[in-house]
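Single-structure report; data block below.
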Amino acid sequence: MSSTKCIMGTRKKARAFVRVRPTDDFAHEMIRYGDDNRTINIHLRKDTQRGMVANQQTDWSFKLDGILHNASQDVVYETVAKDVVSQALSGYNDLLG
C-alpha cells in the first residue's frame, strides 16, 4: 500500500525509515540488515517451551527508504525531519510519525 501527501501542489510518497540503536542486550541474532541499507530482516526463534503452532510466522522482511543504524540525533533529523519541519514552518501540512 502506498501513502501519499500533497506538498506544494505535488504528490509525494510517504517515506519510511527505521532507527536502530543497539544496547548491551540488543537482539543481534534476530535482526539482519540488507546490503542495500534499505532492507531489514527479523527472525524470531520458535519458543518450544510455549508450544509450536504450525502456521506461526517467524520471519519478516521490510523494505524501507533507509535504515539509520546507530545514528546520532543530528543524522536522524537531517535525514528524516529537516525538510518536513521546514515545509511545516512555511505553512504546508506535513506529518512525522
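Labeling convention for the C-alpha cells: chains A, B, ... as they appear, residues from 1 per chain, ligands from 1 in order of appearance.
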Quiz item: Could you name the residues that touch Ile31 in chain A at 6 Å or less, counting only C-alpha atoms, but leaving out those on the same chain fewer than 3 positions away, as a PyMOL selection string?
Solution: chain A and resi 28+41-42
Selection from above, C-alpha atoms, as a CSV table (one decimal), in the first residue's frame, can you write it?
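Done, and the output landed in result_18.csv:
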```
chain,number,residue,atom,x,y,z
A,28,HIS,CA,21.8,-9.3,17.2
A,41,ASN,CA,15.0,-8.9,8.2
A,42,ILE,CA,13.7,-10.1,11.5
```
Practice problem: Any chance you could list, as a list of chain:residue names, the residues in range 25-74 of chain A that come up strand (DSSP E) when DSSP is run on the backbone? | Solution: A:Ile31, A:Arg32, A:Tyr33, A:Thr39, A:Ile40, A:Asn41, A:Ile42, A:His43, A:Asp59, A:Trp60, A:Ser61, A:Phe62, A:Lys63, A:Gly66, A:Ile67, A:Leu68, A:His69
Can I get the selected residues back with N, CA and C atoms, as a short mmCIF file (atom, residue, chain, number, x, y, z; two decimals), in the first residue's frame?
```
data_model
loop_
_atom_site.label_atom_id
_atom_site.label_comp_id
_atom_site.auth_asym_id
_atom_site.auth_seq_id
_atom_site.Cartn_x
_atom_site.Cartn_y
_atom_site.Cartn_z
N ILE A 31 18.06 -9.77 14.12
CA ILE A 31 17.92 -8.67 13.15
C ILE A 31 19.12 -8.67 12.21
N ARG A 32 18.83 -8.65 10.92
CA ARG A 32 19.87 -8.57 9.88
C ARG A 32 19.51 -7.43 8.94
N TYR A 33 20.54 -6.73 8.48
CA TYR A 33 20.35 -5.61 7.57
C TYR A 33 20.77 -6.02 6.17
N THR A 39 16.83 -2.63 3.64
CA THR A 39 16.07 -3.82 3.98
C THR A 39 16.47 -4.29 5.38
N ILE A 40 15.46 -4.62 6.18
CA ILE A 40 15.72 -5.17 7.50
C ILE A 40 14.94 -6.48 7.60
N ASN A 41 15.62 -7.53 8.03
CA ASN A 41 15.02 -8.85 8.17
C ASN A 41 15.01 -9.22 9.64
N ILE A 42 13.87 -9.69 10.10
CA ILE A 42 13.70 -10.06 11.51
C ILE A 42 13.31 -11.53 11.58
N HIS A 43 14.02 -12.27 12.42
CA HIS A 43 13.74 -13.69 12.61
C HIS A 43 13.51 -13.95 14.10
N ASP A 59 9.44 -15.08 10.43
CA ASP A 59 10.34 -14.24 9.64
C ASP A 59 9.58 -13.10 8.97
N TRP A 60 10.18 -11.92 9.03
CA TRP A 60 9.61 -10.74 8.38
C TRP A 60 10.73 -10.02 7.65
N SER A 61 10.40 -9.40 6.54
CA SER A 61 11.36 -8.60 5.80
C SER A 61 10.67 -7.29 5.45
N PHE A 62 11.34 -6.18 5.72
CA PHE A 62 10.77 -4.86 5.47
C PHE A 62 11.69 -4.08 4.55
N LYS A 63 11.12 -3.50 3.50
CA LYS A 63 11.86 -2.65 2.57
C LYS A 63 11.52 -1.21 2.94
N GLY A 66 15.29 3.86 4.21
CA GLY A 66 16.61 3.88 4.80
C GLY A 66 16.62 3.30 6.20
N ILE A 67 17.78 2.78 6.58
CA ILE A 67 18.00 2.28 7.93
C ILE A 67 19.07 3.15 8.56
N LEU A 68 18.76 3.69 9.69
CA LEU A 68 19.69 4.56 10.41
C LEU A 68 20.24 3.74 11.58
N HIS A 69 21.31 3.02 11.30
CA HIS A 69 21.90 2.12 12.29
C HIS A 69 22.87 2.89 13.18
#
```
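Distances to Asn70 in chain A were evaluated for A:Ala14, A:Asn93, A:Phe26, A:Arg21 using only C-alpha atoms, and the minimum falls at A:Arg21.
For the residues A:Ser72, A:Gln49, A:Asp36, A:Thr58, ranking by smallest atom-to-atom distance to Val20 in chain A using only C-alpha atoms places A:Ser72 first.
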Practice problem: Tell me which of A:Lys82, A:Ala71, A:Gln87, A:Tyr77 sits closest to Arg19 in chain A, counting only C-alpha atoms. | Solution: A:Ala71
Can you tell me, as a compact mmCIF listing (two decimals) with N, CA and C atoms, in the first residue's frame, what residues are no more than 6 Å from Leu64 in chain A when counting only C-alpha atoms, ignoring any on the same chain fewer than 3 positions away?
```txt
# COMPACT_ATOMS: atom_id res chain seq x y z
N ALA A 16 9.56 5.90 4.76
CA ALA A 16 9.67 5.12 6.00
C ALA A 16 11.13 4.83 6.29
N PHE A 17 11.54 5.15 7.52
CA PHE A 17 12.89 4.88 7.99
C PHE A 17 12.79 4.13 9.31
N ARG A 38 18.55 -0.67 3.04
CA ARG A 38 17.13 -0.32 2.95
C ARG A 38 16.24 -1.49 3.36
```
Quiz item: In terms of the shortest atom-to-atom distance over only C-alpha atoms, which of A:Leu89, A:Leu44, A:Met30, A:Val80 is closest to Val18 in chain A?
Solution: A:Val80
Practice problem: Determine which residues of range 26-97 of chain A DSSP labels as helix (DSSP H, G or I) from the backbone of this structure, then write them out as a list in words. | Solution: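 Taking range 26-97 of chain A and keeping helix (DSSP H, G or I) only, one gets Gln73, Asp74, Val75, Val76, Tyr77, Glu78, Thr79, Val80, Ala81, Lys82, Asp83, Val84, Val85, Ser86, Gln87, Ala88 and Leu89 of chain A.
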